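Structure file my_file.cif with mmCIF, C-alpha atoms:
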```cif
data_target
loop_
_atom_site.label_atom_id
_atom_site.label_comp_id
_atom_site.auth_asym_id
_atom_site.auth_seq_id
_atom_site.Cartn_x
_atom_site.Cartn_y
_atom_site.Cartn_z
CA MET A 18 59.24 39.30 -51.61
CA ASN A 19 57.89 36.90 -48.98
CA GLU A 20 58.40 38.36 -45.49
CA LEU A 21 59.95 35.74 -43.21
CA LEU A 22 60.54 37.70 -40.01
CA ARG A 23 58.97 40.78 -38.51
CA ILE A 24 60.09 42.13 -35.14
CA GLU A 25 58.00 45.02 -33.84
CA ASP A 26 58.93 47.15 -30.84
CA LEU A 27 60.75 44.33 -29.05
CA GLU A 28 61.65 45.12 -25.45
CA ILE A 29 63.41 42.83 -23.00
CA ALA A 30 63.54 43.63 -19.32
CA PHE A 31 65.11 41.67 -16.48
CA THR A 32 63.62 41.37 -13.04
CA GLU A 33 64.85 39.94 -9.77
CA ARG A 34 62.38 39.16 -6.99
CA GLY A 35 59.79 41.22 -8.79
CA ARG A 36 62.05 44.26 -9.12
CA LEU A 37 63.08 45.65 -12.50
CA THR A 38 66.89 45.47 -12.74
CA ASN A 39 67.69 46.29 -16.39
CA ARG A 40 66.15 46.80 -19.83
CA PRO A 41 68.88 45.86 -22.33
CA VAL A 42 66.55 45.82 -25.37
CA ARG A 43 64.40 48.93 -25.77
CA GLY A 44 62.12 48.80 -28.78
CA ILE A 45 63.81 47.03 -31.71
CA SER A 46 61.94 46.63 -35.01
CA LEU A 47 63.36 44.65 -37.97
CA THR A 48 62.13 42.74 -41.03
CA ILE A 49 63.71 40.05 -43.22
CA SER A 50 62.36 38.67 -46.51
CA ALA A 51 63.21 35.47 -48.34
CA GLY A 52 66.73 35.59 -49.73
CA ASP A 53 67.73 38.68 -47.73
CA VAL A 54 70.78 38.86 -45.46
CA LEU A 55 70.30 41.39 -42.65
CA GLY A 56 73.29 42.24 -40.47
CA VAL A 57 72.73 43.30 -36.87
CA VAL A 58 75.92 44.95 -35.66
CA GLY A 59 77.16 46.68 -32.52
CA GLU A 60 79.44 46.40 -29.51
CA THR A 61 79.11 43.71 -26.86
CA GLY A 62 76.15 44.54 -24.64
CA CYS A 63 74.03 46.32 -27.25
CA GLY A 64 71.32 43.64 -27.35
CA LYS A 65 72.22 41.74 -30.54
CA SER A 66 72.22 38.18 -29.22
CA LEU A 67 69.21 38.78 -26.95
CA THR A 68 67.25 39.84 -30.00
CA GLY A 69 68.17 36.64 -31.82
CA LEU A 70 67.26 34.52 -28.80
CA ALA A 71 63.92 36.32 -28.46
CA VAL A 72 63.01 35.28 -32.01
CA LEU A 73 63.41 31.64 -30.97
CA GLY A 74 61.85 32.01 -27.52
CA MET A 75 65.17 31.09 -25.90
CA LEU A 76 65.64 34.04 -23.54
CA PRO A 77 67.39 33.39 -20.20
CA GLN A 78 65.53 33.04 -16.94
CA GLY A 79 64.30 36.35 -15.55
CA ALA A 80 63.80 37.96 -18.96
CA GLN A 81 60.48 39.73 -19.50
CA PRO A 82 59.92 40.27 -23.26
CA SER A 83 57.23 42.39 -24.89
CA GLY A 84 56.42 43.44 -28.45
CA ARG A 85 55.72 41.23 -31.48
CA VAL A 86 57.71 38.58 -33.34
CA VAL A 87 56.07 37.17 -36.47
CA ILE A 88 57.79 34.27 -38.26
CA ASP A 89 56.53 33.31 -41.71
CA GLY A 90 53.17 34.92 -40.97
CA VAL A 91 52.68 33.29 -37.55
CA GLU A 92 52.90 35.44 -34.40
CA GLN A 93 55.07 33.89 -31.69
CA ARG A 94 54.67 33.68 -27.93
CA LEU A 95 57.75 35.41 -26.55
CA ASP A 96 57.58 33.71 -23.15
CA ARG A 97 58.11 30.15 -24.43
CA PRO A 98 60.19 28.30 -27.05
CA SER A 99 58.98 28.95 -30.57
CA PRO A 100 57.01 26.02 -32.03
CA VAL A 101 58.66 26.67 -35.42
CA ARG A 102 62.23 26.47 -34.06
CA GLY A 103 64.12 23.89 -36.06
CA ASP A 104 61.40 23.75 -38.72
CA VAL A 105 60.97 27.27 -40.11
CA VAL A 106 63.89 28.95 -38.31
CA SER A 107 67.28 27.55 -37.20
CA ILE A 108 70.29 29.05 -35.45
CA VAL A 109 74.06 28.61 -35.72
CA PHE A 110 75.85 29.55 -32.50
CA GLN A 111 79.23 31.21 -32.32
CA ASN A 112 81.42 28.50 -30.79
CA PRO A 113 81.41 25.21 -32.70
CA GLY A 114 83.63 23.63 -30.06
CA THR A 115 80.88 23.75 -27.43
CA ALA A 116 77.83 23.29 -29.66
CA PHE A 117 77.96 19.48 -29.82
CA ASN A 118 77.79 16.76 -27.18
CA PRO A 119 81.34 15.33 -26.97
CA VAL A 120 80.21 11.75 -26.20
CA PHE A 121 78.10 11.18 -29.33
CA THR A 122 79.14 11.05 -32.95
CA LEU A 123 78.13 13.93 -35.19
CA GLY A 124 75.95 11.61 -37.27
CA HIS A 125 74.09 10.51 -34.15
CA GLN A 126 73.44 14.13 -33.15
CA LEU A 127 72.23 15.27 -36.57
CA ARG A 128 70.03 12.19 -36.86
CA ALA A 129 68.44 13.18 -33.52
CA VAL A 130 67.60 16.58 -35.04
CA LEU A 131 65.93 14.93 -38.03
CA ARG A 132 64.12 12.44 -35.80
CA ARG A 133 62.59 15.40 -33.97
CA HIS A 134 61.67 17.51 -37.00
CA ARG A 135 61.72 15.28 -40.12
CA PRO A 136 61.36 11.66 -38.94
CA ALA A 137 62.08 8.90 -41.46
CA ARG A 138 63.83 5.54 -41.68
CA ALA A 139 67.42 5.58 -40.34
CA ALA A 140 68.96 4.97 -43.77
CA VAL A 141 66.92 7.81 -45.31
CA MET A 142 67.94 10.23 -42.57
CA LYS A 143 71.61 9.27 -42.94
CA ALA A 144 71.48 9.82 -46.70
CA HIS A 145 69.88 13.24 -46.12
CA ILE A 146 72.60 14.21 -43.62
CA LEU A 147 75.37 13.08 -45.95
CA GLU A 148 73.79 15.15 -48.73
CA TYR A 149 73.97 18.28 -46.54
CA PHE A 150 77.52 17.50 -45.49
CA GLY A 151 78.25 17.68 -49.18
CA HIS A 152 76.33 20.96 -49.54
CA VAL A 153 78.53 22.60 -46.89
CA GLY A 154 81.75 21.36 -48.49
CA LEU A 155 82.82 18.72 -45.97
CA PRO A 156 85.30 16.22 -47.44
CA ASP A 157 84.56 12.53 -46.87
CA PRO A 158 81.01 12.93 -45.42
CA GLU A 159 80.93 9.29 -44.29
CA ARG A 160 83.98 9.83 -42.07
CA VAL A 161 82.49 13.05 -40.65
CA PHE A 162 79.22 11.24 -39.92
CA ASP A 163 81.08 8.70 -37.76
CA SER A 164 83.41 11.25 -36.12
CA TYR A 165 83.24 12.71 -32.63
CA PRO A 166 83.39 16.53 -32.30
CA HIS A 167 86.97 16.56 -30.98
CA GLU A 168 88.17 14.78 -34.11
CA LEU A 169 87.38 17.73 -36.40
CA SER A 170 88.93 21.18 -36.74
CA GLY A 171 87.02 24.33 -35.77
CA GLY A 172 86.32 25.19 -39.40
CA MET A 173 84.97 21.71 -40.15
CA LEU A 174 82.82 21.79 -37.00
CA GLN A 175 81.39 25.14 -38.09
CA ARG A 176 80.39 23.55 -41.39
CA VAL A 177 78.74 20.69 -39.49
CA MET A 178 76.84 23.27 -37.43
CA ILE A 179 75.59 24.93 -40.60
CA ALA A 180 74.58 21.54 -41.99
CA GLN A 181 72.75 20.79 -38.74
CA ALA A 182 70.86 24.09 -38.98
CA LEU A 183 69.92 23.54 -42.64
CA VAL A 184 69.17 19.82 -42.61
CA THR A 185 65.53 20.54 -41.67
CA GLU A 186 65.30 22.97 -44.63
CA PRO A 187 64.32 26.12 -42.67
CA LYS A 188 63.22 29.36 -44.32
CA LEU A 189 65.22 31.57 -41.92
CA LEU A 190 68.75 31.08 -40.58
CA ILE A 191 70.08 33.00 -37.57
CA LEU A 192 73.87 33.24 -37.38
CA ASP A 193 75.15 34.42 -33.98
CA GLU A 194 78.77 35.56 -34.41
CA PRO A 195 79.49 32.57 -36.69
CA THR A 196 83.17 33.41 -37.36
CA THR A 197 84.34 34.57 -33.91
CA ALA A 198 86.24 31.37 -33.10
CA LEU A 199 87.77 30.98 -36.58
CA ASP A 200 90.91 32.37 -38.19
CA VAL A 201 90.52 34.91 -40.98
CA THR A 202 90.92 32.49 -43.90
CA ILE A 203 88.44 29.94 -42.56
CA ALA A 204 86.02 32.72 -41.57
CA ARG A 205 85.98 34.02 -45.14
CA GLN A 206 85.30 30.51 -46.45
CA ILE A 207 82.38 30.11 -44.03
CA LEU A 208 80.86 33.44 -45.07
CA GLN A 209 81.12 32.58 -48.75
CA LEU A 210 79.58 29.20 -47.99
CA VAL A 211 76.58 30.84 -46.32
CA LEU A 212 76.05 33.13 -49.32
CA SER A 213 76.26 30.26 -51.81
CA LEU A 214 73.77 28.21 -49.77
CA ARG A 215 71.46 31.23 -49.52
CA ASP A 216 71.57 31.56 -53.31
CA ARG A 217 70.90 27.84 -53.71
CA PHE A 218 68.06 27.40 -51.19
CA GLY A 219 66.61 30.93 -50.91
CA PHE A 220 66.44 31.20 -47.12
CA GLY A 221 66.71 34.53 -45.31
CA VAL A 222 69.58 35.25 -42.90
CA LEU A 223 69.79 37.24 -39.68
CA LEU A 224 73.52 37.74 -39.10
CA ILE A 225 74.50 38.90 -35.61
CA THR A 226 78.04 40.25 -35.44
CA HIS A 227 80.34 42.95 -34.06
CA ASN A 228 82.45 42.83 -37.22
CA LEU A 229 81.69 45.49 -39.83
CA GLY A 230 84.00 43.74 -42.29
CA VAL A 231 81.74 40.69 -42.14
CA VAL A 232 78.68 42.89 -42.65
CA GLN A 233 80.25 44.58 -45.66
CA GLU A 234 81.08 41.23 -47.25
CA VAL A 235 77.76 39.39 -46.94
CA CYS A 236 74.84 41.61 -45.88
CA ASP A 237 72.23 43.29 -48.09
CA ASN A 238 71.05 45.57 -45.27
CA VAL A 239 72.45 46.49 -41.86
CA ALA A 240 70.89 47.53 -38.57
CA VAL A 241 73.34 49.24 -36.20
CA LEU A 242 72.41 48.68 -32.55
CA TYR A 243 73.43 50.75 -29.57
CA ALA A 244 72.20 50.32 -26.00
CA GLY A 245 69.28 48.15 -27.01
CA ARG A 246 68.00 50.27 -29.89
CA VAL A 247 68.44 50.46 -33.65
CA ILE A 248 70.21 53.77 -34.21
CA GLU A 249 70.82 53.40 -37.96
CA TYR A 250 69.38 51.18 -40.68
CA GLY A 251 69.73 50.91 -44.43
CA PRO A 252 71.38 49.19 -47.40
CA THR A 253 74.83 48.03 -46.33
CA ASP A 254 76.84 49.79 -49.02
CA GLU A 255 75.13 53.14 -48.36
CA VAL A 256 75.42 52.97 -44.56
CA LEU A 257 79.10 52.00 -44.64
CA ARG A 258 79.96 54.51 -47.35
CA ASP A 259 78.15 57.46 -45.76
CA PRO A 260 77.17 56.75 -42.12
CA ALA A 261 74.59 59.15 -40.70
CA HIS A 262 74.92 58.40 -36.98
CA PRO A 263 78.05 59.39 -35.00
CA TYR A 264 78.19 55.90 -33.48
CA THR A 265 78.24 54.19 -36.88
CA ARG A 266 80.89 56.65 -38.00
CA GLY A 267 82.96 55.86 -34.92
CA LEU A 268 82.77 52.11 -35.54
CA LEU A 269 84.00 52.60 -39.11
CA GLU A 270 86.81 54.94 -38.06
CA ALA A 271 88.02 52.30 -35.59
CA LEU A 272 88.65 49.74 -38.34
CA PRO A 273 92.41 49.13 -38.79
CA ALA A 274 91.98 49.01 -42.57
CA ARG A 275 91.06 52.70 -42.54
CA HIS A 276 94.40 53.76 -41.03
CA GLU A 277 97.83 54.15 -42.56
CA HIS A 278 100.63 51.93 -41.27
CA GLY A 279 101.93 53.35 -37.99
CA GLU A 280 98.97 55.70 -37.55
CA PRO A 281 97.22 55.46 -34.14
CA LEU A 282 93.90 53.65 -34.22
CA HIS A 283 90.76 55.65 -33.55
CA ALA A 284 88.65 54.53 -30.58
CA ILE A 285 85.22 55.53 -29.34
CA ARG A 286 85.74 56.82 -25.82
CA GLY A 287 83.91 55.16 -22.94
CA SER A 288 81.74 52.05 -23.19
CA VAL A 289 78.14 50.95 -23.62
CA PRO A 290 76.15 51.66 -20.42
CA ALA A 291 75.98 48.49 -18.34
CA ASN A 292 72.51 49.38 -17.07
CA LEU A 293 70.05 51.49 -19.02
CA LEU A 294 67.46 52.16 -16.31
CA GLY A 295 69.08 55.42 -15.25
CA VAL A 296 69.86 56.70 -18.76
CA THR A 297 67.97 59.78 -19.94
CA GLY A 298 68.12 61.29 -23.39
CA CYS A 299 70.29 59.69 -26.06
CA ALA A 300 72.23 56.72 -24.63
CA PHE A 301 75.23 57.62 -26.82
CA ALA A 302 75.41 61.24 -25.62
CA ALA A 303 78.16 60.59 -23.04
CA ARG A 304 80.45 59.21 -25.78
CA CYS A 305 79.39 61.30 -28.76
CA PRO A 306 81.82 63.83 -30.29
CA ARG A 307 78.88 65.86 -31.65
CA VAL A 308 76.82 66.02 -28.46
CA ILE A 309 74.80 69.14 -27.62
CA ASP A 310 72.75 69.91 -24.50
CA VAL A 311 69.44 68.64 -25.88
CA CYS A 312 70.99 65.20 -26.51
CA HIS A 313 70.99 64.61 -22.74
CA GLN A 314 67.26 65.28 -22.59
CA VAL A 315 65.74 63.74 -25.76
CA ASP A 316 66.08 60.13 -26.94
CA PRO A 317 65.49 60.44 -30.70
CA ASP A 318 63.38 57.98 -32.68
CA LEU A 319 64.44 56.47 -35.99
CA GLU A 320 63.57 58.92 -38.75
CA PRO A 321 63.77 58.50 -42.55
CA ILE A 322 66.87 60.14 -44.05
CA GLY A 323 66.46 58.90 -47.60
CA VAL A 324 65.17 55.95 -49.57
CA LEU A 325 65.21 52.86 -47.30
CA ARG A 326 67.46 54.59 -44.74
CA GLU A 327 66.78 55.66 -41.16
CA ALA A 328 68.80 57.12 -38.31
CA ALA A 329 68.11 58.12 -34.71
CA CYS A 330 70.13 61.30 -34.15
CA LEU A 331 69.05 64.88 -33.50
CA ARG A 332 71.92 66.20 -35.63
CA VAL A 333 71.39 64.15 -38.79
CA GLY A 334 71.67 66.41 -41.82
CA GLU A 335 73.84 69.02 -40.14
CA SER A 336 77.17 69.73 -41.78
#
```
Could you render the structure from this file as structure tokens?
Amino acid sequence: MNELLRIEDLEIAFTERGRLTNRPVRGISLTISAGDVLGVVGETGCGKSLTGLAVLGMLPQGAQPSGRVVIDGVEQRLDRPSPVRGDVVSIVFQNPGTAFNPVFTLGHQLRAVLRRHRPARAAVMKAHILEYFGHVGLPDPERVFDSYPHELSGGMLQRVMIAQALVTEPKLLILDEPTTALDVTIARQILQLVLSLRDRFGFGVLLITHNLGVVQEVCDNVAVLYAGRVIEYGPTDEVLRDPAHPYTRGLLEALPARHEHGEPLHAIRGSVPANLLGVTGCAFAARCPRVIDVCHQVDPDLEPIGVLREAACLRVGES
């Protein structure tokens, strides 16, 4: 299949007055092909959103990226906004309530996107926008076009955000925690909407989330991140059915659905290191129930553990 995104050995460091202060992303490599949905999952602080922003060249001030990002065959400059942003790749942010300018109508804002990327006569652009409002299941597209953001519910605004991302017909869609601000019922509708649109238009999806339930529902493959590295990768059903890394196993055991009513919830002790500059060995060692002495000295690389599966753990394969 046509490869849409290749990330190779992405690192992101932060400096202040010329001094290195943190390195929250430490060598991430991922690929996405047309029609694929790749889930990137992990706790807050593991580097998920920074990775998505690096693809678009939207890293915050002070970030020092290195590595390679290739979008649709074109290598990107990591230190500036991607020239294909909005054309080949679009992003849907996690909070629809803050994604739009409150003083302009939604039609005005989407028309500005088209004017920048697909300029045409005003009537043609409006017809195109209304068509995509229909694609994302918005009732009464004309009313939505003339509405201000505060006049719509969170679920409807999320659909408008998806329409805004797709109206330029990109090949790759980045979803950054797209259901965080939504209730469970609306979140499920949004996820099913994304899948149906993927089937219809054939774009690839990079889904950034902390929710393994979301990953299980929509993703073909999953990359589990911890402390700025991919520590497990593979087909979603295989990884969630038989996790190889203790961190992945801990995330699954913490899901309420895996506990009987009244049974205490499992939790992974500790938290993700706030700063990785002083970490030696495996970053998960301090929290790992299977830790041995060598884990504090060696930071394992991803190694194949089967067809299309990889894990970064010194104890993979042990009973």
Expressed in Å, the length from CA of Ala240 in chain A to CA of Glu92 in chain A is 22.1 Å
Tell me which residues the PyMOL selection byres ((chain A and resi 263) around 9) grabs here, as a PyMOL selection string. chain A and resi 260-262+264-268+301+305-307+330
Take the residues just selected and output them with C-alpha atoms as a PDB file, in the coordinates of the input.
```pdb
ATOM      1  CA  PRO A 260      77.170  56.750 -42.120  1.00  0.00           C
ATOM      2  CA  ALA A 261      74.590  59.150 -40.700  1.00  0.00           C
ATOM      3  CA  HIS A 262      74.920  58.400 -36.980  1.00  0.00           C
ATOM      4  CA  TYR A 264      78.190  55.900 -33.480  1.00  0.00           C
ATOM      5  CA  THR A 265      78.240  54.190 -36.880  1.00  0.00           C
ATOM      6  CA  ARG A 266      80.890  56.650 -38.000  1.00  0.00           C
ATOM      7  CA  GLY A 267      82.960  55.860 -34.920  1.00  0.00           C
ATOM      8  CA  LEU A 268      82.770  52.110 -35.540  1.00  0.00           C
ATOM      9  CA  PHE A 301      75.230  57.620 -26.820  1.00  0.00           C
ATOM     10  CA  CYS A 305      79.390  61.300 -28.760  1.00  0.00           C
ATOM     11  CA  PRO A 306      81.820  63.830 -30.290  1.00  0.00           C
ATOM     12  CA  ARG A 307      78.880  65.860 -31.650  1.00  0.00           C
ATOM     13  CA  CYS A 330      70.130  61.300 -34.150  1.00  0.00           C
TER      14      CYS A 330
END
```
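Note that the spacing between CA of Arg43 in chain A and CA of Gly64 in chain A amounts to 8.9 Å.
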State, in Å with one decimal place, the distance from CA of Val153 in chain A to CA of Ile203 in chain A. 13.1 Å
Could the residues of range 166-248 of chain A that have an atom at most 12 Å from range 69-79 of chain A be listed as CSV, each with its closest atom pair and the distance in Å to one decimal, counting only C-alpha atoms and ordered by chain and ascending residue number?
```
residue,atom,partner,partner_atom,distance
A:Leu189,CA,A:Val72,CA,10.8
A:Leu190,CA,A:Gly69,CA,10.4
A:Ile191,CA,A:Gly69,CA,7.1
A:Leu192,CA,A:Gly69,CA,8.7
A:Asp193,CA,A:Gly69,CA,7.6
A:Glu194,CA,A:Gly69,CA,11.0
A:Val222,CA,A:Gly69,CA,11.3
A:Leu223,CA,A:Gly69,CA,8.0
A:Leu224,CA,A:Gly69,CA,9.1
A:Ile225,CA,A:Gly69,CA,7.7
A:Thr226,CA,A:Gly69,CA,11.1
```
File dump, residues just selected, C-alpha atoms, as a PDB file, in the coordinates of the input:
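Result file is out.pdb:
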```
ATOM      1  CA  LEU A 189      65.220  31.570 -41.920  1.00  0.00           C
ATOM      2  CA  LEU A 190      68.750  31.080 -40.580  1.00  0.00           C
ATOM      3  CA  ILE A 191      70.080  33.000 -37.570  1.00  0.00           C
ATOM      4  CA  LEU A 192      73.870  33.240 -37.380  1.00  0.00           C
ATOM      5  CA  ASP A 193      75.150  34.420 -33.980  1.00  0.00           C
ATOM      6  CA  GLU A 194      78.770  35.560 -34.410  1.00  0.00           C
ATOM      7  CA  VAL A 222      69.580  35.250 -42.900  1.00  0.00           C
ATOM      8  CA  LEU A 223      69.790  37.240 -39.680  1.00  0.00           C
ATOM      9  CA  LEU A 224      73.520  37.740 -39.100  1.00  0.00           C
ATOM     10  CA  ILE A 225      74.500  38.900 -35.610  1.00  0.00           C
ATOM     11  CA  THR A 226      78.040  40.250 -35.440  1.00  0.00           C
TER      12      THR A 226
END
```
